[in-house]
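S.K.: Coordinates in my_file-v9.pdb, PDB, C-alpha atoms, are listed below.
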```
ATOM      1  CA  MET Z 264     101.388 107.162  89.472  1.00  0.00           C
ATOM      2  CA  ASP Z 265      99.477 106.859  92.722  1.00  0.00           C
ATOM      3  CA  LEU Z 266      98.544 103.507  94.272  1.00  0.00           C
ATOM      4  CA  MET Z 267      94.891 103.589  93.175  1.00  0.00           C
ATOM      5  CA  SER Z 268      95.790 104.293  89.525  1.00  0.00           C
ATOM      6  CA  ALA Z 269      98.396 101.526  89.572  1.00  0.00           C
ATOM      7  CA  GLN Z 270      95.863  99.030  90.951  1.00  0.00           C
ATOM      8  CA  LEU Z 271      93.282 100.089  88.371  1.00  0.00           C
ATOM      9  CA  ALA Z 272      95.835  99.726  85.573  1.00  0.00           C
ATOM     10  CA  ARG Z 273      96.809  96.267  86.869  1.00  0.00           C
ATOM     11  CA  LEU Z 274      93.148  95.192  87.037  1.00  0.00           C
ATOM     12  CA  MET Z 275      92.565  96.381  83.460  1.00  0.00           C
ATOM     13  CA  ILE Z 276      95.651  94.517  82.241  1.00  0.00           C
ATOM     14  CA  ASP Z 277      94.543  91.337  84.030  1.00  0.00           C
ATOM     15  CA  ALA Z 278      91.054  91.641  82.521  1.00  0.00           C
ATOM     16  CA  ARG Z 279      92.472  92.057  79.008  1.00  0.00           C
ATOM     17  CA  VAL Z 280      94.805  89.095  79.447  1.00  0.00           C
ATOM     18  CA  ALA Z 281      91.894  86.953  80.650  1.00  0.00           C
ATOM     19  CA  GLU Z 282      89.763  88.116  77.720  1.00  0.00           C
ATOM     20  CA  GLY Z 283      92.559  87.260  75.288  1.00  0.00           C
ATOM     21  CA  GLU Z 284      92.918  83.791  76.798  1.00  0.00           C
ATOM     22  CA  GLU Z 285      89.171  83.207  76.489  1.00  0.00           C
ATOM     23  CA  ARG Z 286      89.340  84.324  72.860  1.00  0.00           C
ATOM     24  CA  ARG Z 287      92.233  81.937  72.167  1.00  0.00           C
ATOM     25  CA  VAL Z 288      90.293  79.049  73.703  1.00  0.00           C
ATOM     26  CA  ALA Z 289      87.213  79.945  71.637  1.00  0.00           C
ATOM     27  CA  ASP Z 290      89.348  80.146  68.481  1.00  0.00           C
ATOM     28  CA  ARG Z 291      90.811  76.695  69.197  1.00  0.00           C
ATOM     29  CA  ILE Z 292      87.321  75.277  69.679  1.00  0.00           C
ATOM     30  CA  ARG Z 293      86.111  76.846  66.420  1.00  0.00           C
ATOM     31  CA  ALA Z 294      89.186  75.565  64.557  1.00  0.00           C
ATOM     32  CA  ALA Z 295      88.606  72.071  65.928  1.00  0.00           C
ATOM     33  CA  GLY Z 296      84.965  72.223  64.812  1.00  0.00           C
ATOM     34  CA  ARG Z 297      85.975  73.340  61.313  1.00  0.00           C
ATOM     35  CA  ALA Z 298      88.566  70.576  61.094  1.00  0.00           C
ATOM     36  CA  GLU Z 299      85.986  68.016  62.220  1.00  0.00           C
ATOM     37  CA  ARG Z 300      83.457  69.249  59.636  1.00  0.00           C
ATOM     38  CA  ARG Z 301      86.078  69.072  56.879  1.00  0.00           C
ATOM     39  CA  ARG Z 302      87.108  65.579  57.994  1.00  0.00           C
ATOM     40  CA  ARG Z 303      83.481  64.453  58.066  1.00  0.00           C
ATOM     41  CA  LEU Z 304      82.778  65.909  54.595  1.00  0.00           C
ATOM     42  CA  THR Z 305      85.873  64.223  53.194  1.00  0.00           C
ATOM     43  CA  LEU Z 306      84.986  60.925  54.821  1.00  0.00           C
ATOM     44  CA  ASP Z 307      81.400  61.106  53.527  1.00  0.00           C
ATOM     45  CA  ALA Z 308      82.624  61.866  50.005  1.00  0.00           C
ATOM     46  CA  TRP Z 309      85.053  58.946  50.182  1.00  0.00           C
ATOM     47  CA  ARG Z 310      82.298  56.610  51.357  1.00  0.00           C
ATOM     48  CA  ARG Z 311      79.987  57.751  48.532  1.00  0.00           C
ATOM     49  CA  CYS Z 312      82.721  57.142  45.964  1.00  0.00           C
ATOM     50  CA  ARG Z 313      83.404  53.698  47.389  1.00  0.00           C
ATOM     51  CA  ALA Z 314      79.681  52.842  47.403  1.00  0.00           C
ATOM     52  CA  ASP Z 315      79.200  54.136  43.839  1.00  0.00           C
ATOM     53  CA  GLY Z 316      82.227  52.235  42.609  1.00  0.00           C
ATOM     54  CA  ARG Z 317      81.210  49.000  44.292  1.00  0.00           C
ATOM     55  CA  ALA Z 318      77.596  49.168  43.093  1.00  0.00           C
ATOM     56  CA  GLY Z 319      78.441  49.756  39.438  1.00  0.00           C
ATOM     57  CA  SER Z 320      81.472  47.527  38.983  1.00  0.00           C
ATOM     58  CA  ARG Z 321      81.071  44.065  37.544  1.00  0.00           C
ATOM     59  CA  GLY Z 322      84.677  43.678  36.605  1.00  0.00           C
ATOM     60  CA  LEU Z 323      87.893  45.613  36.418  1.00  0.00           C
ATOM     61  CA  THR Z 324      88.017  48.470  33.937  1.00  0.00           C
ATOM     62  CA  LEU Z 325      90.713  50.918  33.008  1.00  0.00           C
ATOM     63  CA  ALA Z 326      90.025  54.570  32.434  1.00  0.00           C
ATOM     64  CA  ALA Z 327      92.250  57.064  30.647  1.00  0.00           C
ATOM     65  CA  VAL Z 328      92.766  60.395  32.327  1.00  0.00           C
ATOM     66  CA  ALA Z 329      92.241  63.260  29.904  1.00  0.00           C
ATOM     67  CA  GLU Z 330      93.217  66.099  32.252  1.00  0.00           C
ATOM     68  CA  ALA Z 331      95.504  66.611  35.163  1.00  0.00           C
ATOM     69  CA  PRO Z 332      93.765  65.928  38.462  1.00  0.00           C
ATOM     70  CA  GLN Z 333      91.800  68.890  39.754  1.00  0.00           C
ATOM     71  CA  LEU Z 334      92.759  70.506  43.018  1.00  0.00           C
ATOM     72  CA  ASP Z 335      90.391  70.522  45.939  1.00  0.00           C
ATOM     73  CA  PRO Z 336      88.355  73.786  45.727  1.00  0.00           C
ATOM     74  CA  TYR Z 337      89.600  74.794  49.202  1.00  0.00           C
ATOM     75  CA  VAL Z 338      93.225  74.446  48.128  1.00  0.00           C
ATOM     76  CA  GLU Z 339      92.646  76.199  44.827  1.00  0.00           C
ATOM     77  CA  VAL Z 340      90.827  79.126  46.469  1.00  0.00           C
ATOM     78  CA  ALA Z 341      93.616  79.411  49.053  1.00  0.00           C
ATOM     79  CA  GLN Z 342      96.221  79.547  46.270  1.00  0.00           C
ATOM     80  CA  ILE Z 343      94.257  82.143  44.320  1.00  0.00           C
ATOM     81  CA  LEU Z 344      93.771  84.346  47.375  1.00  0.00           C
ATOM     82  CA  GLU Z 345      97.419  84.001  48.400  1.00  0.00           C
ATOM     83  CA  ALA Z 346      98.633  85.132  44.979  1.00  0.00           C
ATOM     84  CA  ALA Z 347      96.046  87.930  44.922  1.00  0.00           C
ATOM     85  CA  ALA Z 348      97.140  89.117  48.371  1.00  0.00           C
ATOM     86  CA  HIS Z 349     100.694  89.546  47.094  1.00  0.00           C
ATOM     87  CA  ARG Z 350      99.506  91.477  44.042  1.00  0.00           C
ATOM     88  CA  VAL Z 351      97.185  93.638  46.162  1.00  0.00           C
ATOM     89  CA  SER Z 352     100.021  94.479  48.554  1.00  0.00           C
ATOM     90  CA  GLU Z 353     102.214  95.559  45.640  1.00  0.00           C
ATOM     91  CA  LEU Z 354      99.710  97.156  43.249  1.00  0.00           C
ATOM     92  CA  GLY Z 355      96.643  97.992  45.352  1.00  0.00           C
ATOM     93  CA  VAL Z 356      93.121  96.610  45.335  1.00  0.00           C
ATOM     94  CA  THR Z 357      92.315  97.946  41.877  1.00  0.00           C
ATOM     95  CA  SER Z 358      94.651  95.310  40.407  1.00  0.00           C
ATOM     96  CA  GLU Z 359      92.176  92.549  41.336  1.00  0.00           C
ATOM     97  CA  HIS Z 360      88.845  94.026  40.265  1.00  0.00           C
ATOM     98  CA  THR Z 361      87.305  90.740  39.000  1.00  0.00           C
ATOM     99  CA  LEU Z 362      88.377  88.804  42.081  1.00  0.00           C
ATOM    100  CA  LEU Z 363      87.010  91.504  44.396  1.00  0.00           C
ATOM    101  CA  ARG Z 364      83.608  91.389  42.676  1.00  0.00           C
ATOM    102  CA  ALA Z 365      83.492  87.594  42.949  1.00  0.00           C
ATOM    103  CA  LEU Z 366      84.552  87.682  46.615  1.00  0.00           C
ATOM    104  CA  SER Z 367      81.879  90.284  47.314  1.00  0.00           C
ATOM    105  CA  ILE Z 368      79.154  88.116  45.773  1.00  0.00           C
ATOM    106  CA  VAL Z 369      80.234  84.972  47.632  1.00  0.00           C
ATOM    107  CA  THR Z 370      80.653  86.617  51.051  1.00  0.00           C
ATOM    108  CA  ALA Z 371      77.681  89.007  50.940  1.00  0.00           C
ATOM    109  CA  PRO Z 372      75.297  86.607  52.776  1.00  0.00           C
ATOM    110  CA  THR Z 373      77.702  85.930  55.658  1.00  0.00           C
ATOM    111  CA  ALA Z 374      79.793  89.122  55.841  1.00  0.00           C
ATOM    112  CA  PRO Z 375      77.730  91.872  54.215  1.00  0.00           C
ATOM    113  CA  GLY Z 376      79.667  94.852  55.573  1.00  0.00           C
ATOM    114  CA  ALA Z 377      83.078  93.639  54.474  1.00  0.00           C
ATOM    115  CA  ALA Z 378      81.679  92.498  51.109  1.00  0.00           C
ATOM    116  CA  ALA Z 379      80.205  95.947  50.470  1.00  0.00           C
ATOM    117  CA  ALA Z 380      83.369  97.767  51.554  1.00  0.00           C
ATOM    118  CA  LEU Z 381      85.424  95.556  49.252  1.00  0.00           C
ATOM    119  CA  VAL Z 382      83.717  96.850  46.110  1.00  0.00           C
ATOM    120  CA  ASP Z 383      82.911 100.390  47.283  1.00  0.00           C
ATOM    121  CA  ASP Z 384      84.443 102.561  44.565  1.00  0.00           C
ATOM    122  CA  THR Z 385      84.052 105.676  46.714  1.00  0.00           C
ATOM    123  CA  GLY Z 386      85.840 104.062  49.661  1.00  0.00           C
ATOM    124  CA  THR Z 387      89.447 104.720  50.522  1.00  0.00           C
ATOM    125  CA  GLU Z 388      92.232 102.338  49.567  1.00  0.00           C
ATOM    126  CA  ILE Z 389      92.859 101.597  53.230  1.00  0.00           C
ATOM    127  CA  SER Z 390      89.249 100.607  53.902  1.00  0.00           C
ATOM    128  CA  ARG Z 391      89.239  98.372  50.837  1.00  0.00           C
ATOM    129  CA  LEU Z 392      92.545  96.774  51.894  1.00  0.00           C
ATOM    130  CA  ARG Z 393      91.140  96.095  55.326  1.00  0.00           C
ATOM    131  CA  ALA Z 394      87.963  94.636  53.808  1.00  0.00           C
ATOM    132  CA  PHE Z 395      90.112  92.434  51.555  1.00  0.00           C
ATOM    133  CA  GLY Z 396      91.963  91.097  54.588  1.00  0.00           C
ATOM    134  CA  LEU Z 397      88.732  90.369  56.437  1.00  0.00           C
ATOM    135  CA  VAL Z 398      87.076  88.728  53.432  1.00  0.00           C
ATOM    136  CA  HIS Z 399      90.213  86.704  52.674  1.00  0.00           C
ATOM    137  CA  ALA Z 400      90.251  85.267  56.207  1.00  0.00           C
ATOM    138  CA  HIS Z 401      86.478  84.738  56.144  1.00  0.00           C
ATOM    139  CA  VAL Z 402      86.612  82.759  52.886  1.00  0.00           C
ATOM    140  CA  ILE Z 403      89.443  80.525  54.090  1.00  0.00           C
ATOM    141  CA  GLU Z 404      88.310  79.951  57.674  1.00  0.00           C
ATOM    142  CA  GLU Z 405      84.523  80.118  57.636  1.00  0.00           C
ATOM    143  CA  LEU Z 406      83.138  79.275  54.208  1.00  0.00           C
ATOM    144  CA  GLY Z 407      82.729  75.726  52.986  1.00  0.00           C
ATOM    145  CA  PRO Z 408      83.241  73.750  49.783  1.00  0.00           C
ATOM    146  CA  ARG Z 409      80.003  74.984  48.200  1.00  0.00           C
ATOM    147  CA  GLU Z 410      81.061  78.637  48.517  1.00  0.00           C
ATOM    148  CA  HIS Z 411      84.589  77.838  47.341  1.00  0.00           C
ATOM    149  CA  ALA Z 412      83.206  76.121  44.239  1.00  0.00           C
ATOM    150  CA  HIS Z 413      80.874  79.084  43.641  1.00  0.00           C
ATOM    151  CA  LEU Z 414      83.822  81.480  43.874  1.00  0.00           C
ATOM    152  CA  LEU Z 415      85.788  79.443  41.345  1.00  0.00           C
ATOM    153  CA  GLU Z 416      82.742  79.415  39.088  1.00  0.00           C
ATOM    154  CA  LEU Z 417      82.446  83.216  39.311  1.00  0.00           C
ATOM    155  CA  LEU Z 418      86.084  83.547  38.390  1.00  0.00           C
ATOM    156  CA  GLY Z 419      85.243  81.996  35.043  1.00  0.00           C
ATOM    157  CA  GLY Z 420      85.659  78.348  35.883  1.00  0.00           C
ATOM    158  CA  ARG Z 421      89.390  78.685  35.357  1.00  0.00           C
ATOM    159  CA  ARG Z 422      91.084  76.206  37.601  1.00  0.00           C
ATOM    160  CA  GLY Z 423      94.721  75.571  37.978  1.00  0.00           C
ATOM    161  CA  GLY Z 424      96.640  77.459  40.561  1.00  0.00           C
ATOM    162  CA  ALA Z 425      97.798  80.846  41.606  1.00  0.00           C
ATOM    163  CA  ASN Z 426      97.488  82.639  38.271  1.00  0.00           C
ATOM    164  CA  SER Z 427      93.834  81.749  37.773  1.00  0.00           C
ATOM    165  CA  SER Z 428      92.686  84.881  39.602  1.00  0.00           C
ATOM    166  CA  ARG Z 429      93.558  86.927  36.531  1.00  0.00           C
ATOM    167  CA  VAL Z 430      90.346  86.754  34.553  1.00  0.00           C
ATOM    168  CA  ALA Z 431      89.890  89.216  31.696  1.00  0.00           C
TER     169      ALA Z 431
END
```
Represent the supplied structure as structure tokens.
M.R.:
Amino acid sequence: MDLMSAQLARLMIDARVAEGEERRVADRIRAAGRAERRRRLTLDAWRRCRADGRAGSRGLTLAAVAEAPQLDPYVEVAQILEAAAHRVSELGVTSEHTLLRALSIVTAPTAPGAAAALVDDTGTEISRLRAFGLVHAHVIEELGPREHAHLLELLGGRRGGANSSRVA
């Protein structure tokens, strides 16, 4: 390799390294913003519960719990998608038809291309797998509690862990 080609290659490598570092910094900033939004939402919900409880209580009361405590929608969606990812890797995307339809509906406003590719019956398995990966990350990292609750609702309102993605 001549000297000019070597210098050009070095400049391209340096530019890509700098671009990667900028991307990592931007990702850290986005992650910090998401964490702050989640913290703020949780804190606001806690304050509302405290205010509601204080305003309506005149004395101490006991309440019986009829069901097991519900998981946070974010946690439940993460568990469902994790279990589905394992099944999709073993059996292919056709094994999770109901989940794919629900994911497509929830992510269509914010990721229309990936949502469409996810349910494209004429698409290849590879393109649908890639769309599943993109939509999975998008749901976990970008969407909020409202979308997570909507996804759970579309899955039939079945709550309760990793097996709840199997809806007949």
S.K.: Using the chain letters and numbers from the file, which residues does the PyMOL selection byres ((chain Z and resi 360) around 12) grab, as a PDB file with C-alpha atoms, in the frame of the given file?
M.R.:
```
ATOM      1  CA  ALA Z 347      96.046  87.930  44.922  1.00  0.00           C
ATOM      2  CA  ARG Z 350      99.506  91.477  44.042  1.00  0.00           C
ATOM      3  CA  VAL Z 351      97.185  93.638  46.162  1.00  0.00           C
ATOM      4  CA  LEU Z 354      99.710  97.156  43.249  1.00  0.00           C
ATOM      5  CA  GLY Z 355      96.643  97.992  45.352  1.00  0.00           C
ATOM      6  CA  VAL Z 356      93.121  96.610  45.335  1.00  0.00           C
ATOM      7  CA  THR Z 357      92.315  97.946  41.877  1.00  0.00           C
ATOM      8  CA  SER Z 358      94.651  95.310  40.407  1.00  0.00           C
ATOM      9  CA  GLU Z 359      92.176  92.549  41.336  1.00  0.00           C
ATOM     10  CA  THR Z 361      87.305  90.740  39.000  1.00  0.00           C
ATOM     11  CA  LEU Z 362      88.377  88.804  42.081  1.00  0.00           C
ATOM     12  CA  LEU Z 363      87.010  91.504  44.396  1.00  0.00           C
ATOM     13  CA  ARG Z 364      83.608  91.389  42.676  1.00  0.00           C
ATOM     14  CA  ALA Z 365      83.492  87.594  42.949  1.00  0.00           C
ATOM     15  CA  LEU Z 366      84.552  87.682  46.615  1.00  0.00           C
ATOM     16  CA  SER Z 367      81.879  90.284  47.314  1.00  0.00           C
ATOM     17  CA  LEU Z 381      85.424  95.556  49.252  1.00  0.00           C
ATOM     18  CA  VAL Z 382      83.717  96.850  46.110  1.00  0.00           C
ATOM     19  CA  ASP Z 383      82.911 100.390  47.283  1.00  0.00           C
ATOM     20  CA  ASP Z 384      84.443 102.561  44.565  1.00  0.00           C
ATOM     21  CA  ARG Z 391      89.239  98.372  50.837  1.00  0.00           C
ATOM     22  CA  PHE Z 395      90.112  92.434  51.555  1.00  0.00           C
ATOM     23  CA  LEU Z 418      86.084  83.547  38.390  1.00  0.00           C
ATOM     24  CA  SER Z 428      92.686  84.881  39.602  1.00  0.00           C
ATOM     25  CA  ARG Z 429      93.558  86.927  36.531  1.00  0.00           C
ATOM     26  CA  VAL Z 430      90.346  86.754  34.553  1.00  0.00           C
ATOM     27  CA  ALA Z 431      89.890  89.216  31.696  1.00  0.00           C
TER      28      ALA Z 431
END
```
S.K.: Tell me, as a PDB file with C-alpha atoms, in the frame of the given file, which residues lie within 9 Å of Z:Ala394, counting only C-alpha atoms; anything in the same chain fewer than 4 positions away does not count.
M.R.:
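Now in selection01.pdb:
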```
ATOM      1  CA  GLY Z 376      79.667  94.852  55.573  1.00  0.00           C
ATOM      2  CA  ALA Z 377      83.078  93.639  54.474  1.00  0.00           C
ATOM      3  CA  ALA Z 378      81.679  92.498  51.109  1.00  0.00           C
ATOM      4  CA  ALA Z 379      80.205  95.947  50.470  1.00  0.00           C
ATOM      5  CA  ALA Z 380      83.369  97.767  51.554  1.00  0.00           C
ATOM      6  CA  LEU Z 381      85.424  95.556  49.252  1.00  0.00           C
ATOM      7  CA  ILE Z 389      92.859 101.597  53.230  1.00  0.00           C
ATOM      8  CA  SER Z 390      89.249 100.607  53.902  1.00  0.00           C
ATOM      9  CA  VAL Z 398      87.076  88.728  53.432  1.00  0.00           C
ATOM     10  CA  HIS Z 399      90.213  86.704  52.674  1.00  0.00           C
TER      11      HIS Z 399
END
```
S.K.: Neighbours of Z:Gly407 within 10 Å (only C-alpha atoms; same-chain residues fewer than 5 positions away dropped), as a ChimeraX atom specification?
M.R.: /Z:297,300-301,304,336-337,402,412
S.K.: Name the closest residue to Z:Glu405 among the candidates Z:Pro375, Z:Gly419, Z:Gly296, Z:Gly386; distances are taken between atoms, counting all atoms listed in the file.
M.R.: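 The closest residue to Z:Glu405 is Z:Gly296.
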S.K.: Enter the distance from atom CA of Z:Glu388 to atom CA of Z:Glu404, in Å, rounded to one decimal.
M.R.: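 Calculated distance between atom CA of Z:Glu388 and atom CA of Z:Glu404 is 24.1 Å.
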S.K.: Interatomic distance between atom CA of Z:His413 and atom CA of Z:Leu344?
M.R.: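 Between atom CA of Z:His413 and atom CA of Z:Leu344 the gap works out to 14.4 Å.
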S.K.: Could you tell me which of Z:Ala308, Z:Val338, Z:Leu397, Z:Leu392 comes closest to Z:Ser352 if we count only C-alpha atoms?
M.R.: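 Closest to Z:Ser352 of all the choices is Z:Leu392.
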S.K.: Atom CA of Z:Leu266 and atom CA of Z:Gly283 are how many Å apart?
M.R.: 25.7 Å
S.K.: Need the axis-aligned box for stretch 289-295 of chain Z with 5 Å each side, so what are the centre and edges in Å to one decimal, as lines of an AutoDock Vina configuration file?
M.R.:
```
center_x = 88.5
center_y = 76.1
center_z = 68.1
size_x = 14.7
size_y = 18.1
size_z = 17.1
```
S.K.: Return the single residue from Z:Ala348, Z:Ala281, Z:Arg393, Z:Ala341 that is closest to Z:Pro408, with distances computed using all atoms listed in the file.
M.R.: Z:Ala341
